[in-house]
Structures are given as C-alpha cells and as structure tokens.
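Chemist: So that you have it, the file is model-v1.pdb, and it contains PDB, C-alpha atoms and all ligand atoms:
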```
ATOM      1  CA  MET A 140       0.000   0.000   0.000
ATOM      2  CA  GLY A 141       2.638   2.540   1.053
ATOM      3  CA  VAL A 142       1.900   5.902   2.592
ATOM      4  CA  SER A 143       2.090   9.570   1.627
ATOM      5  CA  LYS A 144       4.553  11.817   3.405
ATOM      6  CA  GLU A 145       1.713  13.851   4.849
ATOM      7  CA  LEU A 146      -0.050  10.835   6.338
ATOM      8  CA  PHE A 147       3.231   9.353   7.557
ATOM      9  CA  GLU A 148       4.069  12.578   9.421
ATOM     10  CA  LYS A 149       0.626  12.818  10.934
ATOM     11  CA  GLN A 150       0.651   9.203  12.133
ATOM     12  CA  VAL A 151       4.189   9.372  13.530
ATOM     13  CA  LEU A 152       3.530  12.603  15.430
ATOM     14  CA  GLY A 153       0.318  11.141  16.817
ATOM     15  CA  LEU A 154       2.217   8.100  18.120
ATOM     16  CA  LEU A 155       5.333   9.930  19.265
ATOM     17  CA  GLY A 156       4.523   9.891  22.998
ATOM     18  CA  PRO A 157       3.862   6.118  23.147
ATOM     19  CA  LEU A 158       6.800   5.498  20.820
ATOM     20  CA  GLN A 159       9.163   7.343  23.162
ATOM     21  CA  GLY A 160       7.625   5.789  26.254
ATOM     22  CA  VAL A 161       8.061   2.271  24.890
ATOM     23  CA  ALA A 162      11.573   3.075  23.644
ATOM     24  CA  ARG A 163      12.557   4.327  27.107
ATOM     25  CA  ARG A 164      11.274   1.159  28.736
ATOM     26  CA  LEU A 165      13.057  -1.042  26.230
ATOM     27  CA  THR A 166      16.418   0.754  26.353
ATOM     28  CA  ARG A 167      16.175   1.929  29.985
ATOM     29  CA  ASN A 168      18.187   4.952  28.874
ATOM     30  CA  ASP A 169      16.840   8.331  27.701
ATOM     31  CA  THR A 170      19.533   9.063  25.132
ATOM     32  CA  GLU A 171      19.355   5.586  23.620
ATOM     33  CA  ALA A 172      15.571   5.846  23.575
ATOM     34  CA  GLU A 173      15.706   9.091  21.600
ATOM     35  CA  ASP A 174      18.113   7.542  19.115
ATOM     36  CA  LEU A 175      15.942   4.448  18.844
ATOM     37  CA  VAL A 176      12.860   6.519  18.007
ATOM     38  CA  ALA A 177      14.771   8.561  15.414
ATOM     39  CA  GLU A 178      16.192   5.386  13.855
ATOM     40  CA  THR A 179      12.727   3.808  13.841
ATOM     41  CA  VAL A 180      11.159   6.773  12.062
ATOM     42  CA  THR A 181      13.955   6.818   9.470
ATOM     43  CA  ARG A 182      13.680   3.065   8.849
ATOM     44  CA  ALA A 183       9.888   3.208   8.728
ATOM     45  CA  TRP A 184       9.961   5.908   6.053
ATOM     46  CA  ARG A 185      12.444   3.886   4.014
ATOM     47  CA  ALA A 186      10.217   0.798   4.382
ATOM     48  CA  ARG A 187       6.948   2.692   3.803
ATOM     49  CA  ASP A 188       5.971   0.405   0.926
ATOM     50  CA  THR A 189       5.661  -2.488   3.383
ATOM     51  CA  LEU A 190       2.752  -0.843   5.209
ATOM     52  CA  GLU A 191      -0.324  -2.907   4.318
ATOM     53  CA  SER A 192      -3.102  -0.605   5.469
ATOM     54  CA  GLU A 193      -3.587   2.621   7.352
ATOM     55  CA  ALA A 194      -5.272   0.658  10.164
ATOM     56  CA  ALA A 195      -2.089  -1.380  10.610
ATOM     57  CA  PHE A 196       0.127   1.701  11.035
ATOM     58  CA  ARG A 197       0.545   1.401  14.790
ATOM     59  CA  SER A 198       1.574  -2.280  14.856
ATOM     60  CA  TRP A 199       3.739  -1.705  11.754
ATOM     61  CA  LEU A 200       5.599   1.199  13.383
ATOM     62  CA  PHE A 201       6.068  -0.580  16.721
ATOM     63  CA  ARG A 202       7.263  -3.676  14.840
ATOM     64  CA  ILE A 203       9.989  -1.549  13.291
ATOM     65  CA  LEU A 204      10.790  -0.073  16.711
ATOM     66  CA  ASN A 205      11.062  -3.519  18.301
ATOM     67  CA  ASN A 206      13.118  -4.956  15.446
ATOM     68  CA  THR A 207      15.439  -1.951  15.505
ATOM     69  CA  PHE A 208      15.868  -2.351  19.245
ATOM     70  CA  ILE A 209      16.628  -6.069  18.919
ATOM     71  CA  SER A 210      19.133  -5.572  16.119
ATOM     72  CA  ASP A 211      20.850  -2.815  18.133
ATOM     73  CA  LEU A 212      21.049  -5.217  21.074
ATOM     74  CA  ARG A 213      22.565  -7.918  18.930
ATOM     75  CA  ARG A 214      25.034  -5.528  17.390
ATOM     76  CA  ALA A 215      26.075  -4.495  20.885
ATOM     77  CA  GLY A 216      26.425  -8.188  21.742
ATOM     78  CA  ALA A 217      24.368  -7.576  24.834
ATOM     79  CA  ARG A 218      22.855 -11.026  24.844
ATOM     80  CA  PRO A 219      22.891 -14.212  22.839
ATOM     81  CA  LYS A 220      20.624 -14.350  19.821
ATOM     82  CA  THR A 221      18.868 -17.495  20.920
ATOM     83  CA  GLU A 222      17.586 -16.353  24.262
ATOM     84  CA  SER A 223      14.289 -14.853  23.225
ATOM     85  CA  ILE A 224      13.656 -17.600  20.684
ATOM     86  CA  HIS A 225      13.782 -20.416  23.200
ATOM     87  CA  ALA A 226      12.697 -18.495  26.244
ATOM     88  CA  ASP A 227       9.065 -19.502  25.833
ATOM     89  CA  GLU A 228       9.890 -23.187  26.068
ATOM     90  CA  THR A 229      11.916 -22.978  29.254
ATOM     91  CA  ASN A 230      10.936 -22.347  32.852
ATOM     92  CA  GLU A 231       7.500 -23.916  32.554
ATOM     93  CA  ASP A 232       6.717 -23.152  36.176
ATOM     94  CA  GLU A 233       7.199 -19.457  35.500
ATOM     95  CA  ALA A 234       3.769 -19.325  33.904
ATOM     96  CA  TYR A 235       2.066 -20.318  37.119
ATOM     97  CA  PHE A 236       3.384 -17.910  39.717
ATOM     98  CA  SER A 237       0.646 -15.788  41.208
ATOM     99  CA  VAL A 238       0.922 -13.236  43.996
ATOM    100  CA  PHE A 239      -2.742 -13.785  44.640
ATOM    101  CA  GLU A 240      -2.181 -17.449  45.380
ATOM    102  CA  GLN A 241       0.724 -16.556  47.656
ATOM    103  CA  VAL A 242      -1.232 -14.196  49.851
ATOM    104  CA  HIS A 243      -4.887 -15.124  49.467
ATOM    105  CA  GLN A 244      -6.096 -17.001  52.536
ATOM    106  CA  PRO A 245      -9.882 -17.392  52.441
ATOM    107  CA  PHE A 246     -10.034 -18.707  55.993
ATOM    108  CA  LEU A 247      -8.297 -15.548  57.234
ATOM    109  CA  LEU A 248     -10.460 -13.120  55.309
ATOM    110  CA  TRP A 249     -12.077 -11.699  58.387
ATOM    111  CA  PHE A 250      -8.644 -10.483  59.549
ATOM    112  CA  GLY A 251      -8.168  -8.321  56.520
ATOM    113  CA  ASN A 252      -7.481  -8.597  52.837
ATOM    114  CA  PRO A 253      -3.801  -9.355  52.248
ATOM    115  CA  GLU A 254      -3.928  -9.235  48.427
ATOM    116  CA  GLN A 255      -5.577  -5.820  48.422
ATOM    117  CA  GLU A 256      -3.070  -4.692  51.027
ATOM    118  CA  PHE A 257      -0.277  -5.876  48.746
ATOM    119  CA  LEU A 258      -1.686  -3.792  45.880
ATOM    120  CA  ASP A 259      -2.244  -0.758  48.094
ATOM    121  CA  LYS A 260       1.432  -0.755  49.020
ATOM    122  CA  LEU A 261       2.721  -1.093  45.486
ATOM    123  CA  LEU A 262       4.297   2.149  44.340
ATOM    124  CA  ARG A 263       4.939   3.335  40.831
ATOM    125  CA  GLU A 264       8.660   2.810  41.399
ATOM    126  CA  ASP A 265       8.057  -0.823  42.424
ATOM    127  CA  LEU A 266       6.248  -1.470  39.151
ATOM    128  CA  ASP A 267       8.873   0.495  37.195
ATOM    129  CA  ARG A 268      11.672  -1.520  38.714
ATOM    130  CA  ALA A 269       9.987  -4.891  38.205
ATOM    131  CA  LEU A 270       9.112  -4.088  34.604
ATOM    132  CA  ALA A 271      12.661  -2.918  33.878
ATOM    133  CA  THR A 272      14.012  -6.155  35.340
ATOM    134  CA  LEU A 273      11.987  -8.404  33.019
ATOM    135  CA  PRO A 274      13.878  -9.831  30.041
ATOM    136  CA  GLU A 275      13.140  -7.917  26.819
ATOM    137  CA  HIS A 276      10.794 -10.481  25.231
ATOM    138  CA  HIS A 277       8.647 -10.454  28.369
ATOM    139  CA  ARG A 278       8.899  -6.708  28.899
ATOM    140  CA  ILE A 279       7.645  -5.894  25.425
ATOM    141  CA  VAL A 280       4.439  -7.977  25.667
ATOM    142  CA  VAL A 281       3.543  -6.463  29.038
ATOM    143  CA  ILE A 282       4.207  -2.953  27.716
ATOM    144  CA  LEU A 283       2.135  -3.492  24.578
ATOM    145  CA  SER A 284      -0.747  -5.164  26.414
ATOM    146  CA  ASP A 285      -0.979  -3.433  29.790
ATOM    147  CA  LEU A 286       0.444   0.020  29.045
ATOM    148  CA  GLU A 287      -0.415   0.568  25.384
ATOM    149  CA  GLU A 288      -3.521  -1.635  25.374
ATOM    150  CA  PHE A 289      -2.764  -3.366  22.097
ATOM    151  CA  SER A 290      -5.111  -6.252  21.268
ATOM    152  CA  TYR A 291      -3.577  -9.730  21.070
ATOM    153  CA  SER A 292      -3.773  -9.618  17.284
ATOM    154  CA  GLU A 293      -1.979  -6.252  17.204
ATOM    155  CA  ILE A 294       0.732  -7.651  19.481
ATOM    156  CA  ALA A 295       0.995 -10.694  17.214
ATOM    157  CA  GLU A 296       1.484  -8.387  14.207
ATOM    158  CA  THR A 297       3.971  -6.226  16.077
ATOM    159  CA  LEU A 298       6.110  -9.111  17.296
ATOM    160  CA  GLU A 299       5.527 -11.273  14.215
ATOM    161  CA  VAL A 300       4.439 -14.299  16.247
ATOM    162  CA  PRO A 301       1.185 -16.320  16.291
ATOM    163  CA  ILE A 302      -1.591 -15.202  18.655
ATOM    164  CA  GLY A 303      -1.122 -18.372  20.719
ATOM    165  CA  THR A 304       2.453 -17.303  21.382
ATOM    166  CA  VAL A 305       1.265 -13.851  22.451
ATOM    167  CA  ARG A 306      -1.103 -15.483  24.907
ATOM    168  CA  SER A 307       1.467 -17.841  26.428
ATOM    169  CA  ARG A 308       4.236 -15.245  26.469
ATOM    170  CA  LEU A 309       1.959 -12.742  28.164
ATOM    171  CA  ALA A 310       1.003 -15.319  30.804
ATOM    172  CA  ARG A 311       4.672 -16.058  31.469
ATOM    173  CA  ALA A 312       5.612 -12.388  31.465
ATOM    174  CA  ARG A 313       2.873 -11.513  33.948
ATOM    175  CA  SER A 314       3.867 -14.419  36.121
ATOM    176  CA  ALA A 315       7.517 -13.324  36.042
ATOM    177  CA  LEU A 316       6.462  -9.760  36.839
ATOM    178  CA  GLN A 317       4.420 -10.925  39.821
ATOM    179  CA  LYS A 318       7.337 -13.011  40.996
ATOM    180  CA  LEU A 319       9.550  -9.904  40.929
ATOM    181  CA  LEU A 320       6.937  -7.783  42.701
ATOM    182  CA  TRP A 321       6.533 -10.515  45.277
ATOM    183  CA  GLN A 322      10.279 -10.713  45.797
ATOM    184  CA  GLN A 323      10.496  -6.932  46.164
ATOM    185  CA  ALA A 324       7.604  -6.985  48.619
ATOM    186  CA  LYS A 325       9.326  -9.644  50.689
ATOM    187  CA  ASP A 326      12.576  -7.667  50.586
ATOM    188  CA  TYR A 327      11.003  -4.641  52.195
ATOM    189  CA  GLY A 328       8.733  -6.730  54.376
ATOM    190  CA  LEU A 329       5.159  -7.302  53.323
ATOM    191  CA  GLY A 330       2.719  -5.937  55.845
ATOM    192  CA  SER A 331       5.310  -4.053  57.852
ATOM    193  CA  GLU A 332       5.318  -0.286  58.010
ATOM    194  CA  GLU A 333       8.594   1.161  56.848
ATOM    195  CA  SER A 334       9.384   4.816  57.150
ATOM    196  CA  THR A 335      11.279   4.924  53.848
ATOM    197  CA  ARG A 336       8.107   4.059  51.992
ATOM    198  CA  ASP A 337       6.182   7.011  53.382
ATOM    199  CA  GLY A 338       7.990   9.432  51.107
ATOM    200  CA  GLU A 339       5.988   8.431  48.027
ATOM    201  CA  LYS A 340       7.046  10.579  45.128
ATOM    202  CA  PRO A 341       4.370  11.884  42.808
ATOM    203  CA  CYS A 342       4.340  10.459  39.328
ATOM    204  CA  PRO A 343       6.793  12.550  37.283
ATOM    205  CA  GLN A 344       4.475  12.463  34.272
ATOM    206  CA  ALA A 345       1.420  13.542  36.204
ATOM    207  CA  GLY A 346       1.603  17.162  35.086
ATOM    208  CA  GLU A 347       2.171  16.308  31.455
ATOM    209  CA  GLN A 348      -0.604  13.766  31.341
ATOM    210  CA  SER A 349      -3.174  16.407  32.140
ATOM    211  CA  VAL A 350      -2.487  17.960  28.751
ATOM    212  CA  ALA A 351      -5.229  16.910  26.391
ATOM    213  CA  PRO A 352      -4.037  15.059  23.269
ATOM    214  CA  SER A 353      -5.626  17.775  21.143
ATOM    215  CA  ALA A 354      -3.274  20.295  22.733
ATOM    216  CA  ARG A 355      -0.396  18.643  20.894
ATOM    217  CA  LYS A 356       0.763  20.787  18.024
ATOM    218  CA  VAL A 357       1.032  18.753  14.841
TER
ATOM    219  CA  MET B 319     -29.102 -18.644  30.380
ATOM    220  CA  SER B 320     -28.583 -21.509  27.974
ATOM    221  CA  ASN B 321     -24.782 -21.391  28.213
ATOM    222  CA  LYS B 322     -23.152 -24.268  30.025
ATOM    223  CA  PRO B 323     -21.667 -22.843  33.226
ATOM    224  CA  ILE B 324     -17.878 -22.876  33.523
ATOM    225  CA  ASP B 325     -15.976 -24.127  36.541
ATOM    226  CA  CYS B 326     -13.119 -22.424  38.412
ATOM    227  CA  GLU B 327     -10.411 -24.128  36.405
ATOM    228  CA  GLN B 328     -11.948 -22.973  33.136
ATOM    229  CA  ALA B 329     -12.514 -19.506  34.546
ATOM    230  CA  LEU B 330      -8.870 -19.158  35.565
ATOM    231  CA  SER B 331      -7.698 -20.412  32.174
ATOM    232  CA  ILE B 332      -9.511 -17.552  30.424
ATOM    233  CA  LEU B 333      -9.034 -14.927  33.123
ATOM    234  CA  TYR B 334      -6.430 -12.865  31.229
ATOM    235  CA  ASP B 335      -8.398 -13.119  27.995
ATOM    236  CA  TYR B 336     -11.343 -11.789  29.939
ATOM    237  CA  LEU B 337      -9.396  -8.902  31.507
ATOM    238  CA  ASP B 338      -7.749  -8.082  28.183
ATOM    239  CA  ARG B 339     -11.171  -8.026  26.500
ATOM    240  CA  GLU B 340     -10.239 -10.788  24.125
ATOM    241  CA  LEU B 341     -13.179 -13.123  24.788
ATOM    242  CA  GLY B 342     -16.057 -13.620  22.376
ATOM    243  CA  GLU B 343     -19.525 -12.693  23.585
ATOM    244  CA  HIS B 344     -20.428 -16.244  24.632
ATOM    245  CA  ASP B 345     -17.308 -16.808  26.757
ATOM    246  CA  HIS B 346     -17.458 -13.287  28.143
ATOM    247  CA  GLU B 347     -20.966 -13.902  29.436
ATOM    248  CA  ALA B 348     -20.036 -17.284  30.850
ATOM    249  CA  MET B 349     -17.136 -15.642  32.673
ATOM    250  CA  GLU B 350     -19.269 -12.803  34.034
ATOM    251  CA  HIS B 351     -21.758 -15.348  35.270
ATOM    252  CA  HIS B 352     -19.053 -17.396  36.986
ATOM    253  CA  LEU B 353     -17.607 -14.291  38.648
ATOM    254  CA  SER B 354     -21.051 -13.338  39.918
ATOM    255  CA  VAL B 355     -21.424 -16.651  41.726
ATOM    256  CA  CYS B 356     -17.834 -17.533  42.716
ATOM    257  CA  LYS B 357     -16.254 -15.414  45.414
ATOM    258  CA  SER B 358     -12.814 -16.957  44.991
ATOM    259  CA  CYS B 359     -12.525 -16.286  41.240
ATOM    260  CA  PHE B 360     -14.079 -12.874  41.746
ATOM    261  CA  SER B 361     -11.358 -11.927  44.237
ATOM    262  CA  ARG B 362      -8.684 -13.257  41.906
ATOM    263  CA  ALA B 363     -10.101 -11.315  38.957
ATOM    264  CA  GLU B 364     -10.357  -8.173  41.055
ATOM    265  CA  PHE B 365      -6.707  -8.523  42.095
ATOM    266  CA  GLU B 366      -5.484  -9.035  38.525
ATOM    267  CA  GLN B 367      -7.653  -6.182  37.279
ATOM    268  CA  ARG B 368      -6.263  -3.760  39.857
ATOM    269  CA  LEU B 369      -2.704  -4.811  39.080
ATOM    270  CA  LYS B 370      -3.385  -4.330  35.380
ATOM    271  CA  GLU B 371      -4.709  -0.827  36.050
ATOM    272  CA  LYS B 372      -1.618  -0.005  38.067
ATOM    273  CA  MET B 373       0.526  -1.147  35.166
ATOM    274  CA  LYS B 374      -1.471   1.012  32.786
ATOM    275  CA  SER B 375      -0.737   4.070  34.907
ATOM    276  CA  LEU B 376       2.950   3.684  33.956
ATOM    277  CA  ARG B 377       2.117   4.682  30.396
ATOM    278  CA  GLU B 378       3.757   7.846  29.132
ATOM    279  CA  ALA B 379       1.593   9.355  26.442
ATOM    280  CA  GLN B 380       3.148  12.767  25.931
ATOM    281  CA  PRO B 381       6.391  13.169  24.014
ATOM    282  CA  ALA B 382       9.257  15.050  25.642
ATOM    283  CA  ALA B 383       9.486  18.498  24.051
ATOM    284  CA  ASP B 384      13.115  18.370  22.883
ATOM    285  CA  SER B 385      12.896  14.954  21.262
ATOM    286  CA  ASN B 386       9.624  16.071  19.734
ATOM    287  CA  ASP B 387      11.567  18.848  17.962
ATOM    288  CA  ARG B 388      14.185  16.369  16.820
ATOM    289  CA  ILE B 389      11.581  14.079  15.233
ATOM    290  CA  LYS B 390       9.754  17.005  13.620
ATOM    291  CA  GLN B 391      13.000  18.141  12.044
ATOM    292  CA  LEU B 392      13.757  14.570  10.967
ATOM    293  CA  LEU B 393      10.314  14.262   9.346
ATOM    294  CA  LYS B 394      10.830  17.553   7.523
ATOM    295  CA  ASP B 395      14.139  16.306   6.129
ATOM    296  CA  LEU B 396      12.810  12.944   4.872
TER
HETATM  297 ZN    ZN A 401     -14.490 -19.917  40.503
END
```
Can you dump the structure from the file as structure tokens?
Ligand SMILES: [Zn+2]

Modeler:
Amino acid sequence: MGVSKELFEKQVLGLLGPLQGVARRLTRNDTEAEDLVAETVTRAWRARDTLESEAAFRSWLFRILNNTFISDLRRAGARPKTESIHADETNEDEAYFSVFEQVHQPFLLWFGNPEQEFLDKLLREDLDRALATLPEHHRIVVILSDLEEFSYSEIAETLEVPIGTVRSRLARARSALQKLLWQQAKDYGLGSEESTRDGEKPCPQAGEQSVAPSARKV
Amino acid sequence: MSNKPIDCEQALSILYDYLDRELGEHDHEAMEHHLSVCKSCFSRAEFEQRLKEKMKSLREAQPAADSNDRIKQLLKDL
C-alpha cells in the first residue's frame, strides 16, 4: 500500500509519545531511547511500501521499533541471539506464579485482605523496577498489552508471532512480573510499616498527562 | 441462560483473555456469570484487574518536548 509523506508525518507525530515511552522502557536509557525513536522513524519511512493498510500503522511502526531495538542489542552483543527464541519453552513453572495465590487465605479473610493490602502498598517505582528487570521479550508484551492496550492480534502483528504465542508469552511475562513484585515486597517486608516508603514521590508524568491530546501541536 | 456454566479451572484459564477483552460474547458472558457466583474467582479477577490498572498508569503518552523537535525536524528532512 505505502503511505504519503503527509499521512506518515501525521501518524508518527500522533504516536510519538507512546513510541518514546516504549523506547525508554526497552532501552532503559533516555539518550538511547531518543536515538531508537529517530532510527525507527527513518527506517519506517524507508520501508513505507511495506505498510499494508492505514489501520495497521501502529503495529507496523512498533514492529519496526522492536526490530530496531533487537538488532541494536545484537550488534552491541548484549545477549545471545537465541535467548528470546527459546525463552518460551523454558521455565515452565514461570507461567504459574501468582501473587494472589501466595497471599490469598480465604479462611483468614475476616482479619483483613492481604492481596488488596499488597496492591495498596505497590508504588509506581516498584512497578517500574519490576518491569525494567523483566527480560526484553517479556517486557515488550507487558508494555504493549498493559500500558499501550494493544489487542492480542496487534501484538501478534507487532512481534511477528502467532496469537497463541502472544497469549502464552503474556502469561509467562505476567507471572515473572508478579514473581519480581513478590520478591520486592518480601525484601522490604510485606505488611510491615517502613518509614522509607512514606515518602511516596508523585508520578513525574502527572503534570504532562493532564495535557489533552488535542493540545499537541502537529 | 442456555450457556453451560464454567468451573473455576476454566474460569482461571480464560481470566487474562477476559481482563484483556479478548473473549467472544459467549465466553465473556459465561465468565461474568461465573464471577457473579464464585467469590474466589471474583477476588482473583479483582486482584489481577487492579494490578493491570496499576501497570497502565505507567504509560507515558506525551512526548518530551526536545525529542519532539528532533523528530519534527527529521520528518521535515525525509
Ligand atoms: Zn471460581
């Protein structure tokens, strides 16, 4: 199908915030994230003939972002090529870890609600840290599903994997994330009051997020 | 309701599909029905839903101004 320069610009600018947000979470580095977005936009324009429909623009652009990120990683020799390919087949038990099952005790319900208490104590920085700790192939599915709210079929298109793989990878990623959150919770002592956790910092994006999307100058 | 009710095991197996709004109408209804009668699955679903919402709050939707300028310039030069 391809795309006109005008439409390309409009679509890219409309997706710039999410693009940068996802790039920052993938690279965990602001400068690298900026470079990744710039490289993605350049590559996308060069590959504009591969866009199949306007409706597919978002998954097409994020596919290029993810592929650019992965090829940068490989070039840097950061990790072996095979890890993300075989990662879904290993650590079967990873798919079954649940914080809920760890803390939920129906017979103790009248003493309180430990799983809700766990959630109440979770801070933005806890989630940030756990997400950043996930391996890339897990991190990306959680980002696309939970943060960007891509449908499974959009994630499948973005990552170029079957929908069944999206489903199983997401289950494993969420399980791994809960395992990390659980570990962090145990490290600071679940259920115990700690003075260091009283100084909750406000979300750094809070001010920016109040800006309506229409306020963005295109 | 003519749908065959689902049990807890089935409910848990489609819990994420349900929360991610990936279920067809039939399964969605069966799940809603199960959650309305099963306290244990309801609590589990509530927990996962709240965690999912917390994750969503990490989303950064607005581009940083300086990198915005960089991309605008890049687009102009394409
Ligand atoms: Zn149940």

Chemist: With only C-alpha atoms as the counted atoms, please give the residues lying no more than 10 Å from Glu240 in chain A, apart from itself and same-chain residues fewer than 4 positions off, as a ChimeraX atom specification.

Modeler: /A:235-236,244,254 /B:362

Chemist: Write the selection just made, keeping C-alpha atoms, as a JSON list (two decimals), keeping the file's coordinate frame?

Modeler:
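Result file follows (result-v3.json):
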```json
[["chain", "number", "residue", "atom", "x", "y", "z"],
["A", 235, "TYR", "CA", 2.07, -20.32, 37.12],
["A", 236, "PHE", "CA", 3.38, -17.91, 39.72],
["A", 244, "GLN", "CA", -6.10, -17.00, 52.54],
["A", 254, "GLU", "CA", -3.93, -9.24, 48.43],
["B", 362, "ARG", "CA", -8.68, -13.26, 41.91]]
```

Chemist: CA of Arg167 in chain A to CA of Lys318 in chain A: how many Å, to one decimal?

Modeler: 20.6 Å

Chemist: Care to translate the PyMOL selection byres (((not hetatm)) within 9 of (chain A and resi 401)) into actual residues of this file, as a ChimeraX atom specification?

Modeler: /B:324-330,352-353,355-360,362

Chemist: With 9 Å as the limit and counting all atoms listed in the file, what residues in chain A lie close to chain B? Please list them as a PyMOL selection string.

Modeler: chain A and resi 144+147-148+151-152+154-161+173+176-177+180-181+184+239-240+243+245+254-255+258+261-263+266-267+281-282+284-288+290-291+306+309-310+342+344+347-348+350+352+355+357

Chemist: Could you expand the PyMOL selection byres (((chain A and resi 319) around 9) and not hetatm) into the explicit residues it covers here, written as a PyMOL selection string?

Modeler: chain A and resi 268-270+272-273+314-318+320-324

Chemist: Calculate how many Å separate CA of Pro253 in chain A from CA of Arg278 in chain A, rounding to one decimal.

Modeler: 26.7 Å

Chemist: Which is closest to Val305 in chain A among A:Leu212, A:Leu190, A:Met140, A:Ile279, if we use all atoms listed in the file?

Modeler: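 With all atoms listed in the file as the atom set, the closest residue is A:Ile279.
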
Chemist: In Å, rounded to a single decimal, give me how far CA of His277 in chain A is from CA of Ala312 in chain A.

Modeler: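 Taking CA of Ala312 in chain A and CA of His277 in chain A, their separation equals 4.7 Å.
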
Chemist: Around all the atoms of range 333-350 of chain B listed in the file, with 6 Å of room on each side, what axis-aligned box do you get, giving centre and edge lengths in Å to one decimal, as JSON?

Modeler:
```
{"center_x": -13.7, "center_y": -12.7, "center_z": 28.2, "size_x": 26.5, "size_y": 21.3, "size_z": 23.7}
```
